[in-house]
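Structure, as structure tokens:
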Amino acid sequence: MVVVGERKSKEERREEILDAAMEVFAQAGYHGASTEEIARRAGISQPYVFRLFGTKKELFMAVDARCFRQTLEIFQRAAEGLRGEEALNAIGLAYGELLATDRTYLRAQMQAYAACDDPEICAVVRNGFGDLVTYVERVSGCDQATVARFFAKGMLMNVLSSLDLKDANAGEPWAQRLLAGCNE
């Protein structure tokens, strides 16, 4: 007797495709990624990817928007009930933990920035990043210079994580100095 698996909803399939797409885009970038590979990893047909997302660009933009939305949710959970420098410190720690534990997330984020030569992709990335800045400004109540330093430190953390130099045992003295500065 053959047991047929439970049929998944369109939304469940969509989430599975987004998960697979994030992995593939993180590895290969927008231009190098294949919708065929995304479909294979999601366990569906390539035409179904296009039925749900229309184009590869629409899928990439959906992954980017989701990535920024998840980052904002992480910021919000970390800062819950906090204000000012306490909120910034909590957000920074949560973001550092994310970078340390999810290399795919980091790489997908970096690929989003790299694809900003396309105006439509750039608009999604700008909106997502803008939401992060607006939230940090609101929850911290800090001045422009403090918020700018906070995001500059975050970008430095992205670079160090991309170079796989994210902890004090990185072995590179210059990286250790930068990491120490990020932890101050």
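A note on labels: chains of the structure tokens are A, B, ... as shown, every chain counts residues from 1, and ligands are counted from 1 in their shown order.
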
(request) Excluding Phe75 (chain A) and residues on its chain fewer than 5 positions from it, collect all residues at most 8 Å away from it, counting only C-alpha atoms, and give them as number ranges by chain. (result) A: 91, 94-95

- [ ] From a DSSP calculation on the backbone, collect every residue of region 32-179 of chain A in alpha helix (DSSP H) and output the set as a PyMOL selection string.
- [x] chain A and resi 32+35-42+46-53+56-79+84-101+103-114+119-140+144-162+173-179

Restricted to C-alpha atoms, what would the selected residues look like written as a short mmCIF file (atom, residue, chain, number, x, y, z; two decimals), in the first residue's frame?
data_model
loop_
_atom_site.label_atom_id
_atom_site.label_comp_id
_atom_site.auth_asym_id
_atom_site.auth_seq_id
_atom_site.Cartn_x
_atom_site.Cartn_y
_atom_site.Cartn_z
CA GLY A 32 25.21 32.71 -10.46
CA THR A 35 16.29 28.32 -10.31
CA GLU A 36 16.76 24.69 -11.29
CA GLU A 37 19.01 24.18 -8.25
CA ILE A 38 16.59 26.07 -6.03
CA ALA A 39 13.72 23.84 -7.18
CA ARG A 40 15.81 20.72 -6.65
CA ARG A 41 16.69 21.73 -3.09
CA ALA A 42 13.07 22.60 -2.34
CA GLN A 46 11.18 24.49 -11.57
CA PRO A 47 7.88 25.62 -13.17
CA TYR A 48 6.33 25.67 -9.69
CA VAL A 49 9.03 28.12 -8.55
CA PHE A 50 8.04 30.41 -11.40
CA ARG A 51 4.34 29.93 -10.69
CA LEU A 52 4.83 31.16 -7.11
CA PHE A 53 7.42 33.88 -7.72
CA LYS A 56 14.25 34.72 -10.57
CA LYS A 57 14.54 38.42 -9.70
CA GLU A 58 11.20 38.36 -7.87
CA LEU A 59 12.40 35.33 -5.91
CA PHE A 60 15.70 37.04 -5.07
CA MET A 61 13.85 40.16 -3.91
CA ALA A 62 11.51 38.01 -1.78
CA VAL A 63 14.55 36.38 -0.14
CA ASP A 64 16.09 39.81 0.49
CA ALA A 65 12.89 41.24 1.96
CA ARG A 66 12.51 38.19 4.20
CA CYS A 67 16.13 38.45 5.36
CA PHE A 68 15.69 42.09 6.38
CA ARG A 69 12.33 41.35 8.02
CA GLN A 70 13.94 38.55 10.05
CA THR A 71 16.76 40.87 11.07
CA LEU A 72 14.24 43.47 12.23
CA GLU A 73 12.41 40.80 14.25
CA ILE A 74 15.71 39.79 15.88
CA PHE A 75 16.39 43.45 16.73
CA GLN A 76 12.89 43.83 18.19
CA ARG A 77 13.13 40.69 20.35
CA ALA A 78 16.57 41.68 21.61
CA ALA A 79 15.53 45.22 22.55
CA GLY A 84 18.94 53.84 24.75
CA GLU A 85 22.39 52.30 24.93
CA GLU A 86 20.94 49.20 26.63
CA ALA A 87 18.81 48.54 23.55
CA LEU A 88 21.78 49.09 21.23
CA ASN A 89 23.95 46.69 23.24
CA ALA A 90 21.24 44.02 23.25
CA ILE A 91 20.68 44.38 19.51
CA GLY A 92 24.42 44.25 18.85
CA LEU A 93 24.81 41.07 20.91
CA ALA A 94 21.86 39.40 19.18
CA TYR A 95 23.19 40.37 15.75
CA GLY A 96 26.67 39.09 16.65
CA GLU A 97 25.14 35.78 17.72
CA LEU A 98 23.27 35.55 14.43
CA LEU A 99 26.46 36.14 12.45
CA ALA A 100 28.32 33.56 14.52
CA THR A 101 25.70 30.85 14.07
CA ARG A 103 26.79 31.72 7.77
CA THR A 104 24.07 31.33 5.14
CA TYR A 105 22.25 34.33 6.55
CA LEU A 106 25.39 36.44 6.44
CA ARG A 107 26.25 35.41 2.89
CA ALA A 108 22.69 36.02 1.67
CA GLN A 109 22.81 39.48 3.18
CA MET A 110 26.14 40.25 1.50
CA GLN A 111 24.79 38.99 -1.83
CA ALA A 112 21.83 41.36 -1.47
CA TYR A 113 24.19 44.32 -1.17
CA ALA A 114 26.27 43.06 -4.11
CA PRO A 119 17.42 49.30 -9.31
CA GLU A 120 14.53 47.04 -8.30
CA ILE A 121 16.72 44.87 -6.07
CA CYS A 122 18.36 47.99 -4.68
CA ALA A 123 14.94 49.39 -3.73
CA VAL A 124 14.15 46.25 -1.70
CA VAL A 125 17.55 46.37 0.02
CA ARG A 126 17.25 50.10 0.75
CA ASN A 127 13.77 49.66 2.20
CA GLY A 128 14.86 46.76 4.39
CA PHE A 129 17.98 48.52 5.63
CA GLY A 130 15.99 51.72 6.14
CA ASP A 131 13.54 49.84 8.35
CA LEU A 132 16.45 48.65 10.50
CA VAL A 133 17.85 52.17 10.84
CA THR A 134 14.43 53.64 11.65
CA TYR A 135 13.82 51.01 14.33
CA VAL A 136 17.25 51.49 15.92
CA GLU A 137 16.76 55.28 15.94
CA ARG A 138 13.36 54.93 17.59
CA VAL A 139 14.24 52.31 20.20
CA SER A 140 17.56 53.85 21.16
CA GLN A 144 22.73 60.44 14.45
CA ALA A 145 26.41 59.92 15.18
CA THR A 146 25.72 57.13 17.70
CA VAL A 147 23.33 55.37 15.32
CA ALA A 148 25.83 55.71 12.47
CA ARG A 149 28.62 54.20 14.64
CA PHE A 150 26.28 51.37 15.62
CA PHE A 151 25.62 50.46 11.98
CA ALA A 152 29.28 50.98 11.03
CA LYS A 153 30.22 48.46 13.71
CA GLY A 154 27.60 46.07 12.35
CA MET A 155 29.04 46.35 8.85
CA LEU A 156 32.53 45.73 10.23
CA MET A 157 31.15 42.64 11.95
CA ASN A 158 29.74 41.53 8.57
CA VAL A 159 33.14 41.90 6.93
CA LEU A 160 34.99 40.09 9.71
CA SER A 161 32.42 37.29 9.68
CA SER A 162 32.67 37.05 5.89
CA PRO A 173 46.35 40.23 15.32
CA TRP A 174 44.68 43.02 13.33
CA ALA A 175 41.38 41.10 13.36
CA GLN A 176 41.66 40.55 17.10
CA ARG A 177 42.13 44.31 17.59
CA LEU A 178 39.09 45.09 15.46
CA LEU A 179 37.00 42.47 17.26
#

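Interatomic distance, CA of Ala21 (chain A) to CA of Ala33 (chain A): 8.5 Å.
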
message = Please report the interatomic distance between CA of Cys142 (chain A) and CA of Asn183 (chain A) in Å with one decimal.
response =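 Value for the CA of Cys142 (chain A)-CA of Asn183 (chain A) distance: 18.7 Å.
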
If you measure from CA of Gly171 (chain A) to CA of Asp102 (chain A), what distance in Å do you get, rounded to one decimal?
->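 Value for the CA of Gly171 (chain A)-CA of Asp102 (chain A) distance: 21.0 Å.
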